[in-house]
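Engineer: Contents of coords.cif (mmCIF, C-alpha atoms and all ligand atoms) are below:
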data_query
#
loop_
_atom_site.label_atom_id
_atom_site.label_comp_id
_atom_site.auth_asym_id
_atom_site.auth_seq_id
_atom_site.Cartn_x
_atom_site.Cartn_y
_atom_site.Cartn_z
CA MET A 164 -62.98 -8.11 129.74
CA THR A 165 -59.41 -7.05 130.46
CA SER A 166 -57.63 -4.65 128.12
CA THR A 167 -53.83 -4.72 128.00
CA PRO A 168 -52.33 -2.08 125.71
CA LEU A 169 -49.01 -2.96 124.12
CA PRO A 170 -46.15 -0.88 125.52
CA GLY A 171 -45.79 2.32 123.48
CA HIS A 172 -49.05 1.61 121.60
CA PRO A 173 -51.98 3.01 123.62
CA HIS A 174 -54.50 2.22 120.85
CA ILE A 175 -53.35 -1.37 120.27
CA ALA A 176 -54.38 -3.74 123.03
CA TYR A 177 -55.25 -7.34 123.82
CA ARG A 178 -58.87 -7.39 124.91
CA ASP A 179 -58.94 -10.68 126.72
CA ASP A 180 -57.00 -12.74 124.18
CA ALA A 181 -57.66 -10.91 120.92
CA LEU A 182 -55.53 -8.04 119.62
CA PHE A 183 -57.51 -4.89 118.86
CA ILE A 184 -56.63 -1.63 117.18
CA GLU A 185 -58.99 0.96 118.65
CA ASP A 186 -62.34 -0.93 118.66
CA CYS A 187 -61.61 -3.29 115.77
CA ALA A 188 -60.40 -6.86 116.27
CA LEU A 189 -57.39 -7.27 114.00
CA SER A 190 -58.21 -10.92 113.23
CA ASP A 191 -61.61 -9.83 111.88
CA LEU A 192 -59.92 -7.27 109.64
CA ALA A 193 -57.41 -9.88 108.42
CA ARG A 194 -60.23 -12.29 107.62
CA GLN A 195 -62.32 -9.67 105.80
CA HIS A 196 -59.53 -8.00 103.85
CA GLY A 197 -56.85 -10.69 103.56
CA THR A 198 -53.16 -10.47 104.37
CA PRO A 199 -50.66 -8.88 104.13
CA LEU A 200 -52.67 -5.90 105.33
CA TYR A 201 -51.68 -2.50 106.67
CA VAL A 202 -53.93 -1.12 109.39
CA TYR A 203 -53.56 2.37 110.84
CA SER A 204 -55.15 3.93 113.92
CA LYS A 205 -56.52 7.41 113.35
CA ALA A 206 -56.54 8.13 117.10
CA SER A 207 -52.81 7.31 117.33
CA MET A 208 -51.99 9.77 114.57
CA LEU A 209 -54.11 12.49 116.15
CA ASP A 210 -52.56 11.84 119.59
CA ALA A 211 -49.07 12.11 118.12
CA LEU A 212 -49.97 15.39 116.43
CA ALA A 213 -51.59 16.68 119.63
CA ALA A 214 -48.31 16.14 121.53
CA TYR A 215 -46.56 18.53 119.13
CA GLN A 216 -49.44 21.00 119.30
CA ARG A 217 -49.30 20.98 123.12
CA GLY A 218 -45.56 21.52 123.01
CA PHE A 219 -46.02 24.58 120.81
CA ALA A 220 -49.06 26.13 122.53
CA GLY A 221 -48.87 29.91 122.28
CA ARG A 222 -46.02 29.86 119.73
CA LYS A 223 -45.99 30.60 116.01
CA VAL A 224 -45.43 27.20 114.47
CA GLN A 225 -46.27 25.49 111.21
CA ILE A 226 -46.11 21.70 111.43
CA CYS A 227 -45.25 20.30 108.01
CA TYR A 228 -45.80 16.53 108.02
CA ALA A 229 -42.91 14.82 106.18
CA MET A 230 -45.17 12.83 103.89
CA LYS A 231 -42.45 10.47 102.70
CA ALA A 232 -43.08 8.52 105.92
CA ASN A 233 -46.58 7.52 104.84
CA SER A 234 -48.10 9.21 101.84
CA SER A 235 -51.45 7.43 101.60
CA LEU A 236 -54.01 9.99 100.47
CA ALA A 237 -56.29 9.46 103.46
CA VAL A 238 -53.39 9.98 105.88
CA LEU A 239 -52.52 13.24 104.12
CA GLN A 240 -56.19 14.26 104.20
CA LEU A 241 -56.30 13.62 107.95
CA PHE A 242 -53.30 15.86 108.62
CA ALA A 243 -54.47 18.53 106.14
CA ARG A 244 -57.78 18.74 108.01
CA GLN A 245 -55.85 19.32 111.24
CA GLY A 246 -54.17 22.36 109.68
CA CYS A 247 -50.84 20.69 108.92
CA GLY A 248 -48.61 21.70 106.09
CA PHE A 249 -46.41 19.17 104.30
CA ASP A 250 -42.73 18.59 103.65
CA ILE A 251 -42.42 17.16 100.14
CA VAL A 252 -39.43 15.83 98.22
CA SER A 253 -40.72 15.35 94.68
CA GLY A 254 -43.20 16.58 92.11
CA GLY A 255 -45.06 13.32 92.69
CA GLU A 256 -45.49 14.11 96.36
CA LEU A 257 -46.71 17.59 95.40
CA GLN A 258 -49.45 16.17 93.17
CA ARG A 259 -50.36 13.59 95.79
CA VAL A 260 -50.74 16.13 98.60
CA LEU A 261 -52.76 18.51 96.43
CA ALA A 262 -55.04 15.60 95.51
CA ALA A 263 -55.55 14.98 99.23
CA GLY A 264 -56.58 18.59 99.87
CA GLY A 265 -53.28 20.00 101.18
CA ASP A 266 -52.88 23.80 101.20
CA PRO A 267 -50.07 24.68 98.75
CA ARG A 268 -49.05 27.70 100.81
CA LYS A 269 -48.16 25.36 103.68
CA ILE A 270 -45.96 23.13 101.53
CA ILE A 271 -42.18 23.16 101.80
CA PHE A 272 -40.07 21.39 99.21
CA SER A 273 -36.90 19.63 100.42
CA GLY A 274 -34.43 17.40 98.59
CA VAL A 275 -31.01 17.63 96.97
CA GLY A 276 -32.09 16.88 93.39
CA LYS A 277 -35.08 18.99 92.42
CA THR A 278 -35.50 19.09 88.64
CA ARG A 279 -36.46 22.20 86.68
CA ALA A 280 -39.82 20.61 85.89
CA GLU A 281 -40.47 20.00 89.59
CA MET A 282 -39.47 23.58 90.44
CA ARG A 283 -41.84 24.91 87.78
CA GLN A 284 -44.68 22.73 89.02
CA ALA A 285 -44.13 23.88 92.63
CA LEU A 286 -43.89 27.56 91.68
CA GLN A 287 -47.10 27.29 89.67
CA ALA A 288 -48.84 25.64 92.62
CA GLY A 289 -47.68 28.53 94.85
CA ILE A 290 -45.87 26.52 97.54
CA GLY A 291 -44.71 28.21 100.73
CA CYS A 292 -40.98 27.57 100.58
CA PHE A 293 -38.20 25.76 98.73
CA ASN A 294 -35.65 24.29 101.10
CA VAL A 295 -32.63 24.74 98.87
CA GLU A 296 -29.81 22.29 99.41
CA SER A 297 -26.86 23.57 97.33
CA GLU A 298 -25.37 26.60 95.60
CA PRO A 299 -25.99 25.27 92.06
CA GLU A 300 -29.65 24.67 92.97
CA ILE A 301 -29.94 28.36 93.91
CA ASP A 302 -28.95 29.39 90.38
CA VAL A 303 -31.30 26.95 88.68
CA LEU A 304 -34.26 27.93 90.88
CA ASN A 305 -33.56 31.60 90.19
CA GLU A 306 -33.63 30.94 86.42
CA VAL A 307 -36.83 28.92 86.56
CA ALA A 308 -38.58 31.57 88.67
CA LEU A 309 -37.51 34.36 86.31
CA GLU A 310 -38.79 32.36 83.31
CA LEU A 311 -42.18 32.19 85.04
CA GLY A 312 -42.01 35.85 86.10
CA VAL A 313 -42.28 35.04 89.82
CA GLN A 314 -40.05 35.02 92.90
CA ALA A 315 -39.33 31.72 94.60
CA PRO A 316 -39.54 31.81 98.41
CA ILE A 317 -36.48 30.03 99.77
CA SER A 318 -34.80 28.84 102.86
CA ILE A 319 -31.34 27.32 102.75
CA ARG A 320 -30.85 23.93 104.32
CA VAL A 321 -27.85 24.16 106.55
CA ASN A 322 -25.80 21.17 107.47
CA PRO A 323 -25.16 21.89 111.17
CA ASN A 324 -22.59 19.07 111.48
CA VAL A 325 -24.03 17.53 114.62
CA ASP A 326 -24.15 13.80 115.25
CA PRO A 327 -27.73 12.60 115.74
CA LYS A 328 -26.44 9.23 117.05
CA THR A 329 -28.67 7.17 114.82
CA HIS A 330 -28.24 4.62 112.01
CA PRO A 331 -25.70 5.93 109.45
CA TYR A 332 -28.20 5.58 106.56
CA ILE A 333 -30.64 7.94 108.25
CA SER A 334 -28.26 10.49 109.72
CA THR A 335 -28.20 13.54 107.50
CA GLY A 336 -26.62 16.47 109.33
CA LEU A 337 -22.97 15.40 109.33
CA LYS A 338 -20.26 16.83 107.08
CA GLY A 339 -19.96 13.61 105.10
CA ASN A 340 -23.67 13.64 104.10
CA LYS A 341 -24.99 14.85 100.76
CA PHE A 342 -27.53 17.14 102.40
CA GLY A 343 -27.52 20.90 102.90
CA VAL A 344 -24.97 23.68 102.64
CA ALA A 345 -21.89 23.51 104.88
CA HIS A 346 -22.13 25.58 108.04
CA GLU A 347 -19.12 27.73 107.13
CA ARG A 348 -20.51 28.51 103.62
CA THR A 349 -23.94 29.52 104.89
CA VAL A 350 -23.64 33.31 105.18
CA ALA A 351 -21.95 33.63 101.79
CA THR A 352 -24.64 31.44 100.23
CA TYR A 353 -27.39 33.61 101.73
CA GLN A 354 -25.69 36.73 100.37
CA ARG A 355 -25.57 35.18 96.95
CA ALA A 356 -29.22 34.12 97.07
CA ALA A 357 -30.40 37.49 98.39
CA ALA A 358 -28.81 39.21 95.38
CA LEU A 359 -30.75 37.12 92.83
CA PRO A 360 -33.96 38.70 91.47
CA GLY A 361 -35.86 35.41 91.14
CA LEU A 362 -35.47 34.48 94.81
CA ARG A 363 -36.92 35.79 98.07
CA VAL A 364 -35.20 34.63 101.25
CA VAL A 365 -37.79 33.66 103.85
CA GLY A 366 -36.13 31.21 106.21
CA ILE A 367 -33.43 28.82 107.25
CA ASP A 368 -33.72 25.10 107.82
CA CYS A 369 -31.92 21.98 108.95
CA HIS A 370 -32.69 18.30 109.41
CA ILE A 371 -30.11 16.30 111.28
CA GLY A 372 -31.36 12.74 110.90
CA SER A 373 -34.11 10.35 111.77
CA GLN A 374 -35.07 8.04 114.67
CA ILE A 375 -33.32 10.41 117.10
CA THR A 376 -33.89 9.31 120.68
CA GLU A 377 -32.10 12.04 122.64
CA ALA A 378 -32.63 15.78 123.02
CA THR A 379 -28.93 16.72 122.93
CA PRO A 380 -28.39 16.66 119.14
CA TYR A 381 -31.41 18.93 118.72
CA LEU A 382 -30.13 21.35 121.36
CA ASP A 383 -26.77 21.45 119.60
CA ALA A 384 -28.51 22.07 116.28
CA VAL A 385 -30.60 24.89 117.80
CA ASP A 386 -27.45 26.61 119.01
CA ARG A 387 -25.71 26.28 115.68
CA MET A 388 -28.78 27.47 113.77
CA LEU A 389 -29.21 30.52 116.00
CA ASP A 390 -25.54 31.45 115.56
CA LEU A 391 -26.19 31.41 111.83
CA VAL A 392 -29.43 33.40 112.03
CA GLN A 393 -27.51 36.03 113.97
CA ALA A 394 -24.73 36.14 111.38
CA ILE A 395 -27.12 36.20 108.39
CA GLU A 396 -29.23 38.98 109.90
CA ALA A 397 -26.07 40.93 110.75
CA ALA A 398 -25.34 40.78 107.01
CA GLY A 399 -28.69 42.53 106.41
CA ILE A 400 -30.80 39.53 105.34
CA ALA A 401 -34.00 38.96 107.34
CA ILE A 402 -34.88 35.41 108.36
CA HIS A 403 -38.64 35.08 108.85
CA HIS A 404 -38.85 31.46 109.86
CA ILE A 405 -36.57 28.83 111.40
CA ASP A 406 -37.25 25.22 110.41
CA PHE A 407 -35.80 22.51 112.65
CA GLY A 408 -36.68 19.58 110.39
CA GLY A 409 -38.01 16.27 111.67
CA GLY A 410 -36.29 13.26 113.13
CA LEU A 411 -37.84 12.52 116.51
CA GLY A 412 -37.72 8.76 117.07
CA ILE A 413 -40.34 6.28 118.21
CA ASP A 414 -40.30 3.25 120.49
CA TYR A 415 -39.55 0.19 118.32
CA ASN A 416 -37.88 -2.00 120.90
CA GLY A 417 -37.89 -0.33 124.27
CA ASP A 418 -36.41 2.88 122.79
CA THR A 419 -37.08 5.90 124.96
CA PRO A 420 -37.23 9.02 122.80
CA PRO A 421 -38.48 12.15 124.55
CA ALA A 422 -42.19 12.89 124.07
CA ALA A 423 -42.73 15.62 121.46
CA ASP A 424 -44.12 18.09 124.01
CA ALA A 425 -41.26 17.45 126.47
CA LEU A 426 -38.64 17.82 123.74
CA TRP A 427 -40.13 21.08 122.54
CA ALA A 428 -40.41 22.47 126.07
CA GLN A 429 -36.65 21.95 126.30
CA LEU A 430 -35.89 23.40 122.88
CA LEU A 431 -38.18 26.38 123.37
CA ALA A 432 -36.51 27.12 126.71
CA ARG A 433 -33.19 27.28 124.83
CA LEU A 434 -34.74 29.48 122.11
CA ASP A 435 -36.26 31.77 124.76
CA ALA A 436 -32.95 32.01 126.61
CA ARG A 437 -31.31 33.20 123.43
CA GLY A 438 -34.10 35.68 122.65
CA TYR A 439 -35.59 33.86 119.64
CA GLY A 440 -38.68 32.30 121.25
CA ASP A 441 -41.17 34.52 119.44
CA ARG A 442 -39.97 33.65 115.94
CA GLN A 443 -42.02 31.75 113.37
CA PHE A 444 -40.98 28.09 113.56
CA MET A 445 -41.49 25.17 111.26
CA ILE A 446 -40.95 21.49 111.93
CA GLU A 447 -41.05 18.50 109.59
CA PRO A 448 -41.94 15.41 111.63
CA GLY A 449 -42.65 12.18 109.77
CA ARG A 450 -42.08 8.96 111.70
CA SER A 451 -43.16 10.35 115.08
CA LEU A 452 -46.62 11.23 113.70
CA VAL A 453 -47.43 7.91 112.06
CA GLY A 454 -44.89 5.20 112.96
CA ASN A 455 -46.58 3.63 115.96
CA ALA A 456 -50.07 4.14 114.49
CA GLY A 457 -49.64 1.28 112.03
CA VAL A 458 -49.35 -2.50 111.97
CA CYS A 459 -48.79 -4.92 109.14
CA LEU A 460 -50.85 -8.09 109.48
CA THR A 461 -49.51 -11.31 108.06
CA GLU A 462 -50.42 -15.00 108.10
CA VAL A 463 -48.11 -17.89 108.91
CA LEU A 464 -47.76 -20.08 105.80
CA TYR A 465 -45.28 -22.67 107.00
CA VAL A 466 -43.23 -23.49 110.04
CA LYS A 467 -39.90 -24.92 108.93
CA PRO A 468 -37.49 -26.38 111.46
CA GLY A 469 -33.85 -26.09 110.42
CA GLU A 470 -30.51 -27.36 111.67
CA GLN A 471 -29.36 -23.97 112.82
CA LYS A 472 -32.55 -21.94 112.73
CA ASN A 473 -36.27 -22.43 112.74
CA PHE A 474 -38.13 -20.41 110.15
CA CYS A 475 -41.61 -19.01 110.46
CA ILE A 476 -42.55 -18.30 106.84
CA VAL A 477 -45.23 -15.64 106.53
CA ASP A 478 -47.09 -14.05 103.63
CA ALA A 479 -45.58 -10.55 104.10
CA ALA A 480 -42.09 -9.92 102.78
CA MET A 481 -39.29 -7.41 102.28
CA ASN A 482 -41.15 -5.86 99.36
CA ASP A 483 -44.08 -5.04 101.67
CA LEU A 484 -41.99 -3.96 104.63
CA PRO A 485 -38.37 -3.26 103.67
CA ARG A 486 -36.97 -1.75 106.88
CA PRO A 487 -35.54 -4.96 108.39
CA ALA A 488 -33.85 -5.93 105.10
CA MET A 489 -32.56 -2.39 104.48
CA TYR A 490 -31.48 -1.25 107.93
CA GLN A 491 -31.55 -4.41 110.03
CA ALA A 492 -34.40 -2.57 111.74
CA PHE A 493 -36.26 -4.18 114.62
CA HIS A 494 -40.04 -4.39 114.45
CA ALA A 495 -41.86 -6.23 117.24
CA ILE A 496 -43.98 -9.13 115.99
CA VAL A 497 -46.93 -10.28 118.07
CA PRO A 498 -49.74 -12.81 117.56
CA LEU A 499 -53.31 -11.65 116.91
CA GLN A 500 -54.49 -14.26 119.42
CA ALA A 501 -52.60 -14.21 122.72
CA PRO A 502 -50.49 -17.41 122.91
CA ALA A 503 -52.45 -18.90 125.82
CA ALA A 504 -55.68 -18.73 123.81
CA ALA A 505 -54.16 -20.00 120.57
CA GLY A 506 -53.48 -23.42 122.12
CA GLY A 507 -51.50 -26.10 120.33
CA ALA A 508 -48.08 -24.96 119.23
CA ALA A 509 -45.23 -24.70 121.70
CA ALA A 510 -43.11 -21.58 121.80
CA GLN A 511 -39.91 -21.75 119.75
CA VAL A 512 -37.34 -19.29 118.52
CA TYR A 513 -37.86 -18.41 114.86
CA ASP A 514 -36.59 -16.16 112.15
CA VAL A 515 -39.74 -14.66 110.68
CA VAL A 516 -39.19 -14.56 106.92
CA GLY A 517 -41.18 -13.85 103.77
CA PRO A 518 -41.59 -15.69 100.46
CA VAL A 519 -39.20 -13.45 98.45
CA CYS A 520 -36.20 -15.22 96.94
CA GLU A 521 -33.50 -13.43 98.95
CA SER A 522 -31.80 -14.39 102.18
CA GLY A 523 -32.24 -10.75 103.18
CA ASP A 524 -36.00 -11.23 103.16
CA TRP A 525 -36.67 -11.30 106.87
CA LEU A 526 -39.01 -9.36 109.13
CA GLY A 527 -37.68 -10.47 112.50
CA ARG A 528 -34.80 -12.58 113.78
CA ASP A 529 -34.65 -14.88 116.79
CA ARG A 530 -38.21 -14.25 117.90
CA GLU A 531 -39.91 -16.47 120.41
CA LEU A 532 -43.34 -17.37 119.04
CA ALA A 533 -45.88 -20.14 119.55
CA VAL A 534 -47.18 -20.46 116.00
CA GLN A 535 -48.59 -22.88 113.50
CA PRO A 536 -49.70 -22.42 109.88
CA GLY A 537 -52.81 -20.29 109.61
CA ASP A 538 -51.97 -18.17 112.67
CA GLN A 539 -51.89 -14.46 112.17
CA LEU A 540 -49.23 -12.02 113.36
CA ALA A 541 -48.93 -8.25 113.57
CA VAL A 542 -45.67 -6.51 112.71
CA LEU A 543 -45.73 -3.42 114.90
CA SER A 544 -44.49 0.16 114.38
CA ALA A 545 -45.30 -0.20 110.69
CA GLY A 546 -46.95 3.17 110.08
CA ALA A 547 -43.82 4.97 108.85
CA TYR A 548 -41.44 4.07 106.01
CA CYS A 549 -43.01 0.65 105.53
CA SER A 550 -45.82 0.75 102.97
CA ALA A 551 -44.25 3.95 101.62
CA MET A 552 -41.02 2.11 100.78
CA GLY A 553 -42.75 -0.98 99.46
CA SER A 554 -42.20 -2.36 95.97
CA ASN A 555 -43.53 -4.98 93.58
CA TYR A 556 -40.39 -7.15 93.73
CA ASN A 557 -41.17 -10.76 92.77
CA THR A 558 -44.38 -9.37 91.19
CA ARG A 559 -45.98 -9.21 94.57
CA THR A 560 -48.98 -6.92 94.73
CA ARG A 561 -49.16 -4.12 97.25
CA PRO A 562 -51.23 -4.84 100.35
CA ALA A 563 -54.55 -3.20 101.06
CA GLU A 564 -54.56 -0.46 103.72
CA LEU A 565 -57.19 0.41 106.30
CA LEU A 566 -57.65 3.46 108.47
CA VAL A 567 -59.44 2.55 111.68
CA ASP A 568 -61.55 5.15 113.46
CA GLY A 569 -63.08 3.63 116.61
CA GLY A 570 -65.08 0.63 115.47
CA THR A 571 -65.00 1.55 111.76
CA ALA A 572 -62.31 0.42 109.33
CA HIS A 573 -62.10 2.50 106.14
CA VAL A 574 -60.39 0.94 103.14
CA ILE A 575 -57.93 3.67 102.12
CA ARG A 576 -56.04 1.57 99.56
CA ALA A 577 -57.51 -1.40 97.72
CA ARG A 578 -55.27 -4.43 97.37
CA GLU A 579 -53.35 -4.10 94.12
CA THR A 580 -54.04 -6.62 91.36
CA VAL A 581 -51.38 -8.38 89.32
CA ALA A 582 -52.75 -6.61 86.24
CA ASP A 583 -52.04 -3.29 88.00
CA THR A 584 -48.38 -4.25 88.37
CA PHE A 585 -47.77 -4.58 84.62
CA ARG A 586 -50.32 -2.12 83.28
CA SER A 587 -47.66 0.28 81.96
CA GLU A 588 -45.52 -2.42 80.31
CA ARG A 589 -45.55 -3.35 76.63
CA LEU A 590 -44.54 -6.41 74.66
CA VAL A 591 -42.30 -5.79 71.67
CA ALA A 592 -44.16 -5.97 68.37
CA GLY A 593 -43.04 -8.38 65.62
N1 LIG A 601 -37.31 16.46 106.75
C1 LIG A 601 -36.38 16.01 105.90
C2 LIG A 601 -35.65 16.97 105.07
C3 LIG A 601 -36.10 14.64 105.82
O1 LIG A 601 -35.17 14.21 104.98
C4 LIG A 601 -36.83 13.72 106.62
C5 LIG A 601 -36.58 12.28 106.54
C6 LIG A 601 -37.82 14.24 107.49
C7 LIG A 601 -38.02 15.61 107.53
C8 LIG A 601 -38.65 13.37 108.37
O2 LIG A 601 -37.89 12.69 109.29
P1 LIG A 601 -38.60 11.81 110.45
O3 LIG A 601 -39.35 12.75 111.36
O4 LIG A 601 -39.50 10.87 109.77
O5 LIG A 601 -37.47 11.13 111.12
N2 LIG A 601 -36.46 5.33 105.52
C9 LIG A 601 -35.79 5.60 106.77
C10 LIG A 601 -35.97 7.03 107.20
C11 LIG A 601 -35.51 8.03 106.16
C12 LIG A 601 -35.72 9.46 106.60
C13 LIG A 601 -35.47 10.39 105.50
N3 LIG A 601 -35.70 11.77 105.79
C14 LIG A 601 -36.30 4.62 107.82
O6 LIG A 601 -37.11 3.77 107.49
O7 LIG A 601 -35.86 4.66 108.96
#
Can you give me the file's structure in the form of structure tokens?
Structural biologist:
Amino acid sequence: MTSTPLPGHPHIAYRDDALFIEDCALSDLARQHGTPLYVYSKASMLDALAAYQRGFAGRKVQICYAMKANSSLAVLQLFARQGCGFDIVSGGELQRVLAAGGDPRKIIFSGVGKTRAEMRQALQAGIGCFNVESEPEIDVLNEVALELGVQAPISIRVNPNVDPKTHPYISTGLKGNKFGVAHERTVATYQRAAALPGLRVVGIDCHIGSQITEATPYLDAVDRMLDLVQAIEAAGIAIHHIDFGGGLGIDYNGDTPPAADALWAQLLARLDARGYGDRQFMIEPGRSLVGNAGVCLTEVLYVKPGEQKNFCIVDAAMNDLPRPAMYQAFHAIVPLQAPAAAGGAAAQVYDVVGPVCESGDWLGRDRELAVQPGDQLAVLSAGAYCSAMGSNYNTRTRPAELLVDGGTAHVIRARETVADTFRSERLVAG
């Protein structure tokens, strides 16, 4: 048997002609569980986490997995058991991570629009830190904490105004973005927060964007953050932790982001050079921990030749996997049986599209595939922001999800039923 791992996916490989994730043949999983189907590799997630842990060996670091990337309970449970904390952005995420066994003291709460109810819920749970994003939020959090007779631990999210050189929808640290407090307002905002009895300043944080594939924007952000820490501490306010956010990219299409350990070696060298290497750090990675651990399996329904384009119509759609429709994102699409073994169909260039009634419902454009109805495909790099951003549009039920550990596939989400999709709706009486 020959094993040929897919580039950038060490745990996804053709063994002879069949595509495997760890020791499970994906076509067996598709047959047993149906399609569309999300399948995640546990080993890939642990490897990705280990790269960060190696990078931070000997340092004081709390890794807070940004759970918005993939918030399936079993994925959260896996990271909680590895000692991770969590970056949350809603009361819903708080409940979800507590249900999965997350330690509330390792939870940080980001987001520009926290409600009073969410603040109350998080204070009662005893979370580690609120990443406050605006001056008005400071006042509201102070009031809510005083009502409960507690102090809210806070860090202020600073907008460092550096260009992460990524897609505009996922770049967050520029002046024109809604996130964080402007660099020049930071010291004054800290002074204001430090004077409020319901708040306790514990840190500072930033997050400059997502799918970042170069070290330079991070190095710039480190410099700007340290300048601020210096200024804030000179004003008599102690900063206990520095949180650099998430954002490290993955290889979707030959992208070459730095490895997490290599990136952090570089950043820590800069922190050491400036005398801050022994501080408590936090990071909030999402995509880089789970993105390349997941695939979405789909079956070819029809092959439709067109005048200008050929369409490969599959049973997964934009509601299951919205990134291509939303960001024109590229996800590699590969057959579960290597083309030579599949026999029959000749290779053609297709747009791979779903059944949803929108022209924007596509998963891949201009892909060369040798396919016929009944063939199965894997959409790669589908572990982050795919299932998590899914919807029920066109009353399509959410796919089942599996977590593969060696030769065992655990069902971590049962396929949704149509009844589930309208359970909370009511007809009008009379
Ligand atoms: N921390 C904060 C405050 C964030 O807003 C985010 C992501 C992260 C951490 C994690 O970033 P990551 O390590 O995953 O890049 N739906 C988009 C990505 C949106 C990212 C939003 N914020 C996509 O599919 O590309």
Engineer: So which one's closest to Ser204 (chain A), A:Pro518, A:Pro421, A:Pro323, A:Gly457? Using only C-alpha atoms, please.
Structural biologist: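 Going through A:Pro518, A:Pro421, A:Pro323, A:Gly457 one by one, the smallest distance to Ser204 (chain A) is for A:Gly457.
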Engineer: Would you mind listing the residues within 6 Å of ligand LIG 601 (chain A), counting only C-alpha atoms and all ligand atoms, as a list of chain:residue names?
Structural biologist: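 With only C-alpha atoms and all ligand atoms and a cut-off of 6 Å, ligand LIG 601 (chain A) is contacted by A:Ala229, A:Ala232, A:Ser273, A:Ile333, A:His370, A:Ser373, A:Gln374, A:Gly408, A:Gly409, A:Gly410, A:Leu411, A:Glu447, A:Pro448, A:Gly449, A:Arg450, A:Ser451, A:Arg486, A:Tyr548.
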Engineer: In the coordinates of the file, take the point (-45.6, -17.8, 108.8) and a cut-off of 6 Å; then, counting all atoms listed in the file, name each qualifying protein, DNA or RNA residue as a JSON list (two decimals) with C-alpha atoms, in the coordinates of the input.
Structural biologist:
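File produced: selection22.json:
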[["chain", "number", "residue", "atom", "x", "y", "z"],
["A", 462, "GLU", "CA", -50.42, -15.00, 108.10],
["A", 463, "VAL", "CA", -48.11, -17.89, 108.91],
["A", 464, "LEU", "CA", -47.76, -20.08, 105.80],
["A", 465, "TYR", "CA", -45.28, -22.67, 107.00],
["A", 475, "CYS", "CA", -41.61, -19.01, 110.46],
["A", 476, "ILE", "CA", -42.55, -18.30, 106.84],
["A", 477, "VAL", "CA", -45.23, -15.64, 106.53]]
Engineer: Contacts of region 562-568 of chain A at 10 Å or less, counting only C-alpha atoms, minus same-chain residues fewer than 5 places along, as a PyMOL selection string?
Structural biologist: chain A and resi 184-187+192+196-207+235+237-238+456-460+479+483+550+553+573-580
Engineer: Measuring atom to atom with all atoms listed in the file, identify which of A:Gly438, A:Pro327, A:Gly593, A:Pro267 is nearest to Pro380 (chain A).
Structural biologist: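 Answer, going by the shortest atom-to-atom distance: A:Pro327.
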Engineer: Excluding region 289-294 of chain A and its own-chain neighbours fewer than 6 positions away, which residues fall within 7 Å of it when counting only C-alpha atoms? Please give them as a ChimeraX atom specification.
Structural biologist: /A:267-273,316-320
Engineer: Return the single residue from A:Leu241, A:Val512, A:Val303, A:Ile375 that is closest to Leu359 (chain A), with distances computed using all atoms listed in the file.
Structural biologist: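 Ranking A:Leu241, A:Val512, A:Val303, A:Ile375 by distance to Leu359 (chain A), first place goes to A:Val303.
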Engineer: Quick one: of A:Ala533, A:Met445, A:Ala501, A:Leu590, who's nearest to Thr167 (chain A), counting all atoms listed in the file?
Structural biologist: A:Ala501
Engineer: Which residues come within 12 Å of Ala213 (chain A), counting all atoms listed in the file, excluding same-chain residues fewer than 6 positions away, as a ChimeraX atom specification?
Structural biologist: /A:206-207,219-220,226,242,245-247,422-424,451-452
Engineer: Report, in Å with one decimal, the straight-line distance from CA of Asp418 (chain A) to CA of Gly546 (chain A).
Structural biologist: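 Interatomic distance here is 16.5 Å.
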Engineer: What does the structure give for the distance between CA of Phe493 (chain A) and CA of Phe183 (chain A), in Å to one decimal?
Structural biologist: 21.7 Å
Engineer: Counting all atoms listed in the file, select every polymer residue within 10 Å of (-37.6, -0.3, 120.8) as defined in the file's coordinates, and provide the selection as a PyMOL selection string.
Structural biologist: chain A and resi 170-171+412-420+492-495+544
Engineer: Considering all atoms listed in the file, return as a compact mmCIF listing (two decimals) with C-alpha atoms, in the frame of the given file whatever protein or nucleic-acid residues lie within 10 Å of region 360-363 of chain A, sequence-local ones (same chain, fewer than 6 positions apart) excluded.
Structural biologist:
# COMPACT_ATOMS: atom_id res chain seq x y z
CA CYS A 292 -40.98 27.57 100.58
CA PHE A 293 -38.20 25.76 98.73
CA ILE A 301 -29.94 28.36 93.91
CA ASP A 302 -28.95 29.39 90.38
CA VAL A 303 -31.30 26.95 88.68
CA LEU A 304 -34.26 27.93 90.88
CA ASN A 305 -33.56 31.60 90.19
CA GLU A 306 -33.63 30.94 86.42
CA VAL A 307 -36.83 28.92 86.56
CA ALA A 308 -38.58 31.57 88.67
CA LEU A 309 -37.51 34.36 86.31
CA GLU A 310 -38.79 32.36 83.31
CA LEU A 311 -42.18 32.19 85.04
CA GLY A 312 -42.01 35.85 86.10
CA VAL A 313 -42.28 35.04 89.82
CA GLN A 314 -40.05 35.02 92.90
CA ALA A 315 -39.33 31.72 94.60
CA PRO A 316 -39.54 31.81 98.41
CA ILE A 317 -36.48 30.03 99.77
CA SER A 318 -34.80 28.84 102.86
Engineer: Which of these, A:Ala551, A:Ala592, A:Ala280, A:Cys520, has the shortest distance to Leu236 (chain A) once you count only C-alpha atoms?
Structural biologist: A:Ala551
